[in-house]
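Text of the file target17.cif, holding mmCIF, C-alpha atoms and all ligand atoms:
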data_my_file
loop_
_atom_site.label_atom_id
_atom_site.label_comp_id
_atom_site.auth_asym_id
_atom_site.auth_seq_id
_atom_site.Cartn_x
_atom_site.Cartn_y
_atom_site.Cartn_z
CA MET A 1 0.00 0.00 0.00
CA ALA A 2 1.43 3.39 -1.01
CA HIS A 3 1.70 5.94 1.79
CA LYS A 4 1.65 9.68 1.44
CA PHE A 5 4.13 11.40 3.72
CA ARG A 6 4.96 15.02 4.43
CA GLN A 7 7.45 16.37 1.89
CA SER A 8 8.53 19.32 3.99
CA TYR A 9 8.72 19.86 7.72
CA GLN A 10 6.69 22.46 9.51
CA ILE A 11 6.37 23.13 13.19
CA ILE A 12 3.49 24.93 14.83
CA ASN A 13 5.10 26.52 17.87
CA LYS A 14 8.50 27.56 16.58
CA GLN A 15 8.59 30.53 18.96
CA LEU A 16 8.45 28.23 21.97
CA ILE A 17 11.75 26.56 21.14
CA GLN A 18 14.82 27.86 22.99
CA TRP A 19 17.86 26.81 21.05
CA TYR A 20 20.53 28.51 23.15
CA PRO A 21 20.92 28.16 26.90
CA GLY A 22 22.52 31.12 28.71
CA HIS A 23 25.94 29.63 29.44
CA MET A 24 26.82 29.53 25.75
CA ALA A 25 27.50 33.24 25.35
CA LYS A 26 29.65 33.33 28.50
CA GLY A 27 31.72 30.36 27.38
CA ALA A 28 32.24 31.80 23.89
CA LYS A 29 33.81 34.88 25.46
CA GLN A 30 36.13 32.80 27.64
CA MET A 31 37.14 30.81 24.60
CA GLN A 32 38.01 33.90 22.56
CA GLN A 33 40.27 35.05 25.42
CA LYS A 34 42.07 31.72 25.62
CA LEU A 35 42.65 31.60 21.89
CA LYS A 36 45.82 33.71 21.96
CA GLY A 37 47.62 30.95 23.80
CA VAL A 38 46.53 28.23 21.39
CA ASP A 39 48.54 26.75 18.49
CA CYS A 40 45.89 24.61 16.82
CA ILE A 41 42.13 24.05 17.00
CA ILE A 42 40.34 20.74 16.80
CA GLU A 43 36.75 21.29 15.76
CA VAL A 44 34.56 18.35 16.78
CA HIS A 45 31.15 17.74 15.25
CA ASP A 46 28.66 14.90 15.03
CA ALA A 47 29.22 12.81 11.87
CA ARG A 48 25.44 12.38 11.44
CA ILE A 49 25.20 16.13 10.74
CA PRO A 50 28.43 17.18 9.01
CA ILE A 51 26.73 20.31 7.63
CA SER A 52 23.94 21.25 10.07
CA GLY A 53 24.97 23.54 12.88
CA ARG A 54 28.46 24.30 11.57
CA ASN A 55 29.96 27.30 9.78
CA ASN A 56 28.82 30.32 11.78
CA ASP A 57 30.73 33.58 11.79
CA LEU A 58 32.39 33.07 15.14
CA HIS A 59 33.44 29.74 13.90
CA TYR A 60 35.18 31.09 10.83
CA SER A 61 36.95 33.91 12.59
CA LEU A 62 38.33 31.33 15.05
CA LEU A 63 39.17 28.65 12.54
CA THR A 64 40.93 30.85 10.02
CA ALA A 65 43.11 32.41 12.73
CA LYS A 66 44.83 29.13 13.66
CA PRO A 67 45.53 25.82 11.94
CA SER A 68 42.56 23.52 12.46
CA ILE A 69 41.42 19.93 12.11
CA LEU A 70 37.82 18.80 11.72
CA VAL A 71 36.85 15.66 13.63
CA LEU A 72 33.53 14.08 12.65
CA ASN A 73 32.85 11.99 15.71
CA LYS A 74 30.32 9.20 16.36
CA LYS A 75 31.15 7.66 13.01
CA ASP A 76 29.73 4.39 14.36
CA HIS A 77 26.27 5.95 13.76
CA ILE A 78 26.69 6.66 10.02
CA PRO A 79 26.81 4.36 6.98
CA GLU A 80 30.47 3.64 6.18
CA ASP A 81 29.98 3.99 2.42
CA LEU A 82 28.85 7.63 2.70
CA LYS A 83 32.15 8.85 4.16
CA PRO A 84 33.79 9.73 0.79
CA LYS A 85 30.66 11.62 -0.26
CA ILE A 86 30.68 13.59 2.99
CA LEU A 87 34.32 14.57 2.37
CA ASP A 88 33.48 15.62 -1.20
CA THR A 89 30.60 17.75 0.05
CA LEU A 90 32.75 19.46 2.67
CA LYS A 91 35.49 20.13 0.15
CA ILE A 92 33.04 21.90 -2.15
CA GLN A 93 31.25 23.80 0.61
CA ARG A 94 33.78 25.13 3.00
CA ASN A 95 35.93 28.20 2.82
CA ILE A 96 38.85 26.50 4.57
CA PRO A 97 39.69 24.10 1.73
CA THR A 98 42.64 22.42 3.40
CA GLN A 99 41.16 21.61 6.79
CA PRO A 100 42.15 17.95 7.41
CA THR A 101 39.11 15.88 8.34
CA TYR A 102 38.92 12.61 10.27
CA PHE A 103 36.03 10.33 11.18
CA THR A 104 36.27 9.00 14.72
CA ASN A 105 34.57 6.74 17.20
CA CYS A 106 35.64 7.69 20.70
CA LYS A 107 34.18 4.48 22.06
CA ASP A 108 36.81 2.51 20.13
CA GLN A 109 40.41 2.90 21.29
CA ARG A 110 41.67 1.31 18.07
CA CYS A 111 39.81 3.76 15.82
CA SER A 112 42.07 4.66 12.87
CA GLY A 113 40.90 8.30 12.77
CA ILE A 114 41.91 8.89 16.39
CA LYS A 115 45.47 7.69 15.70
CA LYS A 116 45.94 10.36 13.03
CA ILE A 117 44.79 13.45 14.93
CA ILE A 118 47.78 14.31 17.14
CA PRO A 119 50.49 13.58 14.50
CA LYS A 120 48.55 15.83 12.10
CA ALA A 121 48.19 18.57 14.71
CA ILE A 122 51.95 18.47 15.41
CA GLN A 123 52.68 18.75 11.70
CA LEU A 124 50.25 21.68 11.28
CA ILE A 125 51.77 23.49 14.25
CA GLN A 126 55.32 22.96 13.01
CA ASP A 127 54.34 24.20 9.55
CA SER A 128 52.63 27.33 10.91
CA ASN A 129 54.46 30.46 12.02
CA ARG A 130 52.85 30.33 15.52
CA PHE A 131 52.70 34.16 15.54
CA ASN A 132 53.47 35.24 19.12
CA ARG A 133 54.33 31.74 20.31
CA GLN A 134 57.56 30.84 18.48
CA THR A 135 59.56 30.68 21.71
CA VAL A 136 57.03 28.52 23.56
CA LYS A 137 58.08 24.86 23.59
CA GLU A 138 54.77 23.24 24.43
CA HIS A 139 51.93 22.77 21.95
CA SER A 140 48.51 23.90 23.05
CA ILE A 141 45.43 22.59 21.23
CA MET A 142 41.89 23.80 21.81
CA ILE A 143 38.96 21.45 21.33
CA MET A 144 35.74 23.14 20.32
CA GLY A 145 32.31 22.30 19.01
CA VAL A 146 28.61 22.46 19.79
CA PRO A 147 27.31 20.58 22.87
CA ASN A 148 27.44 16.81 23.19
CA VAL A 149 29.41 16.01 20.05
CA GLY A 150 32.07 14.16 22.09
CA LYS A 151 34.75 16.78 22.86
CA SER A 152 35.50 15.49 26.35
CA SER A 153 35.38 11.88 25.12
CA LEU A 154 37.93 12.71 22.44
CA ILE A 155 40.27 14.29 25.00
CA ASN A 156 39.98 11.23 27.20
CA VAL A 157 40.69 8.83 24.39
CA LEU A 158 43.66 10.89 23.12
CA ARG A 159 45.05 11.14 26.63
CA ASN A 160 44.69 7.44 27.07
CA ARG A 161 46.38 6.74 23.75
CA HIS A 162 49.34 9.11 24.06
CA LEU A 163 49.85 9.18 27.81
CA ASN A 164 48.21 5.96 28.92
CA LYS A 165 46.15 7.82 31.53
CA LYS A 166 42.56 7.34 32.59
CA ALA A 167 39.72 9.83 31.87
CA ALA A 168 40.43 13.44 32.76
CA SER A 169 37.30 15.15 31.49
CA ARG A 170 33.70 14.40 32.39
CA VAL A 171 31.51 12.86 29.70
CA GLY A 172 27.71 12.73 29.57
CA ALA A 173 24.81 11.73 27.34
CA VAL A 174 23.01 15.07 27.64
CA ALA A 175 24.12 18.44 26.29
CA GLY A 176 26.07 20.78 28.56
CA ILE A 177 28.24 18.44 30.64
CA THR A 178 31.42 20.52 30.44
CA ARG A 179 30.60 23.86 31.99
CA SER A 180 33.78 25.93 31.90
CA VAL A 181 36.89 26.28 29.77
CA LEU A 182 39.13 23.93 31.70
CA THR A 183 42.74 24.35 32.55
CA LYS A 184 45.10 22.47 30.31
CA ILE A 185 45.01 18.71 30.19
CA LYS A 186 48.36 17.16 29.35
CA ILE A 187 48.01 14.47 26.71
CA CYS A 188 51.55 13.89 25.49
CA GLU A 189 55.08 14.26 26.94
CA ASP A 190 57.21 14.36 23.83
CA PRO A 191 56.46 16.76 22.33
CA LEU A 192 54.71 18.33 25.27
CA ILE A 193 51.07 18.75 24.23
CA TYR A 194 48.20 20.18 26.23
CA LEU A 195 44.54 20.11 25.24
CA LEU A 196 42.00 22.67 26.35
CA ASP A 197 38.52 21.23 26.75
CA THR A 198 35.71 23.69 26.15
CA PRO A 199 32.05 23.45 27.00
CA GLY A 200 29.70 23.10 24.01
CA ILE A 201 29.41 26.80 23.58
CA LEU A 202 29.79 27.24 19.90
CA MET A 203 26.36 28.50 19.07
CA PRO A 204 25.15 26.23 16.31
CA ASN A 205 24.34 27.97 13.06
CA ILE A 206 20.68 27.16 12.59
CA LYS A 207 19.71 28.28 9.10
CA ASN A 208 16.33 26.61 9.17
CA ILE A 209 14.09 24.64 11.47
CA GLU A 210 15.24 21.29 10.05
CA MET A 211 18.86 22.02 10.97
CA GLY A 212 17.72 22.82 14.50
CA MET A 213 15.69 19.64 14.75
CA LYS A 214 18.62 17.52 13.49
CA LEU A 215 20.87 19.03 16.15
CA ALA A 216 18.17 18.28 18.70
CA LEU A 217 17.98 14.66 17.54
CA CYS A 218 21.74 14.38 18.11
CA SER A 219 21.29 15.76 21.69
CA CYS A 220 23.06 19.06 21.00
CA PHE A 221 20.35 20.76 23.06
CA GLN A 222 18.62 19.60 26.17
CA ASP A 223 15.50 17.81 24.91
CA HIS A 224 13.03 19.76 27.02
CA LEU A 225 14.18 23.08 25.52
CA VAL A 226 13.08 21.91 22.07
CA GLY A 227 10.23 19.68 23.27
CA GLU A 228 10.35 15.89 23.22
CA GLU A 229 7.18 15.61 21.13
CA ASN A 230 8.59 18.07 18.56
CA ILE A 231 11.79 16.05 18.31
CA ALA A 232 9.79 12.82 17.98
CA ASP A 233 7.65 14.40 15.24
CA TYR A 234 10.74 15.42 13.29
CA LEU A 235 12.19 11.94 13.69
CA LEU A 236 9.01 10.38 12.31
CA TYR A 237 9.02 12.82 9.39
CA TRP A 238 12.71 12.07 8.62
CA LEU A 239 12.32 8.29 8.80
CA ASN A 240 9.26 8.31 6.53
CA LYS A 241 10.89 10.66 4.05
CA ASN A 242 13.87 8.31 3.89
CA GLN A 243 11.65 5.22 3.57
CA ASN A 244 13.08 3.88 6.82
CA PHE A 245 10.18 1.97 8.34
CA SER A 246 12.19 0.13 10.96
CA TYR A 247 10.29 2.17 13.56
CA LEU A 248 7.08 0.14 13.10
CA GLU A 249 8.11 -2.57 15.55
CA THR A 250 9.42 -0.06 18.15
CA MET A 251 6.23 1.95 18.00
CA GLY A 252 3.89 -1.06 17.89
CA LEU A 253 2.48 -0.03 14.52
CA GLU A 254 1.03 -2.26 11.81
CA GLU A 255 1.85 0.18 9.02
CA PRO A 256 3.70 3.49 8.56
CA THR A 257 2.08 6.69 9.73
CA ASP A 258 2.99 10.34 9.46
CA ASP A 259 0.86 11.26 12.47
CA ILE A 260 3.05 11.57 15.55
CA THR A 261 0.17 11.49 18.04
CA TYR A 262 -1.11 8.26 16.53
CA ALA A 263 2.42 6.76 16.64
CA LEU A 264 3.02 7.85 20.24
CA LEU A 265 -0.37 6.52 21.36
CA SER A 266 0.49 3.18 19.81
CA CYS A 267 3.92 3.15 21.52
CA ALA A 268 2.37 4.10 24.89
CA ARG A 269 -0.10 1.23 24.47
CA LYS A 270 2.60 -1.26 23.50
CA TYR A 271 4.81 -0.52 26.52
CA ASP A 272 1.96 0.32 28.89
CA LYS A 273 3.24 3.86 29.43
CA LYS A 274 0.50 5.60 31.42
CA ILE A 275 0.12 8.72 33.45
CA ALA A 276 -2.38 9.18 36.30
CA LEU A 277 -4.30 12.45 36.15
CA LYS A 278 -6.60 13.64 38.91
CA ASN A 279 -9.76 15.39 37.94
CA TYR A 280 -10.20 17.99 40.71
CA SER A 281 -13.91 18.53 40.14
CA ASP A 282 -14.85 14.97 41.16
CA ASN A 283 -11.52 13.75 42.65
CA VAL A 284 -11.44 10.85 40.22
CA VAL A 285 -7.99 9.63 39.11
CA GLU A 286 -7.91 8.84 35.44
CA GLU A 287 -5.17 7.00 33.59
CA ARG A 288 -4.07 8.38 30.24
CA PRO A 289 -1.44 7.25 27.72
CA ASN A 290 1.87 8.92 28.57
CA LEU A 291 2.84 10.58 25.30
CA LEU A 292 5.94 12.23 26.74
CA ALA A 293 7.32 8.86 27.87
CA ALA A 294 6.49 7.43 24.44
CA ALA A 295 8.31 10.34 22.73
CA ASN A 296 11.37 9.72 24.91
CA HIS A 297 11.25 6.02 24.05
CA PHE A 298 11.15 6.80 20.32
CA ILE A 299 14.02 9.34 20.50
CA LYS A 300 16.14 6.99 22.59
CA ALA A 301 15.61 4.19 20.08
CA PHE A 302 17.00 6.46 17.37
CA ARG A 303 19.99 7.52 19.47
CA THR A 304 20.93 3.98 20.34
CA GLY A 305 20.91 3.01 16.67
CA GLU A 306 17.70 0.95 16.63
CA PHE A 307 16.76 2.43 13.25
CA GLY A 308 20.16 1.64 11.73
CA LYS A 309 23.05 3.86 10.70
CA VAL A 310 21.86 7.21 9.37
CA LEU A 311 23.25 10.36 7.85
CA LEU A 312 20.70 12.99 8.87
CA ASP A 313 22.31 15.49 6.48
CA ASN A 314 21.98 13.20 3.44
CA ASN A 315 20.00 15.92 1.64
CA TYR A 316 23.15 18.08 1.46
CA LEU A 317 25.41 15.51 -0.18
CA LYS A 318 27.22 16.81 -3.23
CA TYR A 319 29.62 15.01 -5.50
CA GLY A 320 33.11 16.31 -6.29
CA GLU A 321 35.14 15.94 -9.49
CA ASP A 322 37.91 13.83 -7.98
N1 LIG B 401 28.21 6.30 19.77
C1 LIG B 401 29.14 7.17 20.14
N2 LIG B 401 28.95 7.91 21.25
C2 LIG B 401 29.91 8.79 21.61
C3 LIG B 401 31.11 8.95 20.87
N3 LIG B 401 31.85 9.92 21.47
C4 LIG B 401 31.14 10.33 22.54
N4 LIG B 401 29.98 9.67 22.65
C5 LIG B 401 28.92 9.86 23.65
O1 LIG B 401 28.36 11.15 23.44
C6 LIG B 401 27.97 11.74 24.67
C7 LIG B 401 28.60 13.13 24.82
O2 LIG B 401 30.01 13.01 25.00
P1 LIG B 401 30.88 14.17 25.69
O3 LIG B 401 32.31 13.77 25.47
O4 LIG B 401 30.42 14.47 27.06
O5 LIG B 401 30.52 15.40 24.74
P2 LIG B 401 30.95 16.94 24.90
O6 LIG B 401 31.08 17.47 23.49
O7 LIG B 401 32.15 17.05 25.77
O8 LIG B 401 29.66 17.54 25.58
P3 LIG B 401 29.50 18.94 26.40
O9 LIG B 401 30.64 19.03 27.37
O10 LIG B 401 28.18 18.74 27.03
O11 LIG B 401 29.50 20.01 25.36
C8 LIG B 401 28.38 10.74 25.75
O12 LIG B 401 27.24 9.95 26.08
C9 LIG B 401 29.45 9.90 25.08
O13 LIG B 401 29.54 8.59 25.63
C10 LIG B 401 31.29 8.13 19.69
O14 LIG B 401 32.28 8.22 18.94
N5 LIG B 401 30.27 7.28 19.38
MG MG B 402 32.42 18.10 27.47
#
As structure tokens, please, write out the structure in this file.
Amino acid sequence: MAHKFRQSYQIINKQLIQWYPGHMAKGAKQMQQKLKGVDCIIEVHDARIPISGRNNDLHYSLLTAKPSILVLNKKDHIPEDLKPKILDTLKIQRNIPTQPTYFTNCKDQRCSGIKKIIPKAIQLIQDSNRFNRQTVKEHSIMIMGVPNVGKSSLINVLRNRHLNKKAASRVGAVAGITRSVLTKIKICEDPLIYLLDTPGILMPNIKNIEMGMKLALCSCFQDHLVGEENIADYLLYWLNKNQNFSYLETMGLEEPTDDITYALLSCARKYDKKIALKNYSDNVVEERPNLLAAANHFIKAFRTGEFGKVLLDNNYLKYGED
């Protein structure tokens, strides 16, 4: 049976969404101040959204001032065969044509991308003129990126690899775990290399509502700021549009639907997610399907890879000449 799905995404209460929590602006200022003492920048982003949320003005002024490397982390969530196409797209799009780019999985110590980062950073630093820092022996590298992309995880895995030390920076599944620009974390003795962890304060560049919703799906915002049911609705829209119907089983559905309330009701029924509501006029407690719990269940299934490996930004893929 052919299904008709939404071809574009619209949201009713756009004004209610708060994309940026307050600590972002404060952190961005701290980061600008620390930049003078930095020799190289590692920009970390989520590989599922190599385009969405990147490239804002602050970003460019920072990245063009110092040598930089782009790390597309969480590569375990994207289809392996799309990696060359992502690199082609970035090559065509960006105004820093030579920015080396690596795909990483911080949950895998043997990840080949992780092995290449520090040697490349050392080479970039040695090839640069280091402006005011020629006489300084140590190398200082700043890690930056929007919230929850894996900056602290990357520091921990690099530290473990080059220094054989345990975790130094706190990691968490929700956005906003690292709250201040930390003091230096030593990750290598020879040459002496320090990393500066930064909180996810790079304000994402949200050109349209879909970019915002993709960032939300990747936990770059706290879910409640965007609204769990909004995020779930976008997820349903994206899966249908990409003919990915693996959600049917999770949501207890017989056939695809584009109606998020219908899907959440079915999920709440399947997992017996209920909420007790008291009617104050007659003091009767009534049980209703818990749509919020169902939305959380749906979003979590996506984030844990239940719907397979996905490139949320697949609509931006372009193909290069070489
Ligand atoms: N699947 C997968 N998960 C990852 C990877 N790297 C980090 N994570 C998870 O992503 C979440 C966020 O990681 P953090 O290292 O705290 O991210 P952050 O960028 O430092 O976040 P903030 O400090 O909040 O800005 C954690 O739950 C990590 O376990 C990866 O390569 N693959
Ligand atoms: Mg962090």
Next item on the list: Could you check which of A:Asn242, A:Ser140, A:Thr101, A:Asn73 is closest to ligand LIG 401 (chain B), using all atoms listed in the file?
Entry: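 Between A:Asn242, A:Ser140, A:Thr101, A:Asn73, the residue approaching ligand LIG 401 (chain B) most closely is A:Asn73.
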Centre and edge lengths, as JSON, for the axis-aligned box enclosing every listed atom of ligand LIG 401 (chain B) with 4 Å of padding on each of the six sides, in Å to one decimal?
{"center_x": 29.8, "center_y": 13.2, "center_z": 23.2, "size_x": 13.1, "size_y": 21.7, "size_z": 16.4}
Next item on the list: Excluding A:Thr261 and residues on its chain fewer than 3 positions from it, collect all residues at most 10 Å away from it, counting only C-alpha atoms, and give them as a ChimeraX atom specification.
Entry: /A:229,232-233,257-258,264-267,291,294-295
If you keep C-alpha atoms, can you produce a file of those selected residues as a PDB file, in the coordinates of the input?
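Generated output (result.pdb):
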ATOM      1  CA  GLU A 229       7.180  15.610  21.130  1.00  0.00           C
ATOM      2  CA  ALA A 232       9.790  12.820  17.980  1.00  0.00           C
ATOM      3  CA  ASP A 233       7.650  14.400  15.240  1.00  0.00           C
ATOM      4  CA  THR A 257       2.080   6.690   9.730  1.00  0.00           C
ATOM      5  CA  ASP A 258       2.990  10.340   9.460  1.00  0.00           C
ATOM      6  CA  LEU A 264       3.020   7.850  20.240  1.00  0.00           C
ATOM      7  CA  LEU A 265      -0.370   6.520  21.360  1.00  0.00           C
ATOM      8  CA  SER A 266       0.490   3.180  19.810  1.00  0.00           C
ATOM      9  CA  CYS A 267       3.920   3.150  21.520  1.00  0.00           C
ATOM     10  CA  LEU A 291       2.840  10.580  25.300  1.00  0.00           C
ATOM     11  CA  ALA A 294       6.490   7.430  24.440  1.00  0.00           C
ATOM     12  CA  ALA A 295       8.310  10.340  22.730  1.00  0.00           C
TER      13      ALA A 295
END
Next item on the list: Name the closest residue to ligand LIG 401 (chain B) among the candidates A:Ala268, A:Ala173, A:Leu154, A:Leu235; distances are taken between atoms, counting only C-alpha atoms and all ligand atoms.
Entry: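 Of A:Ala268, A:Ala173, A:Leu154, A:Leu235, the one nearest ligand LIG 401 (chain B) is A:Ala173, counting only C-alpha atoms and all ligand atoms.
With all atoms listed in the file as the atoms that count, the residue of A:Lys273, A:Tyr102, A:Pro256, A:Leu215 with the shortest distance to A:Gln243 is A:Pro256.
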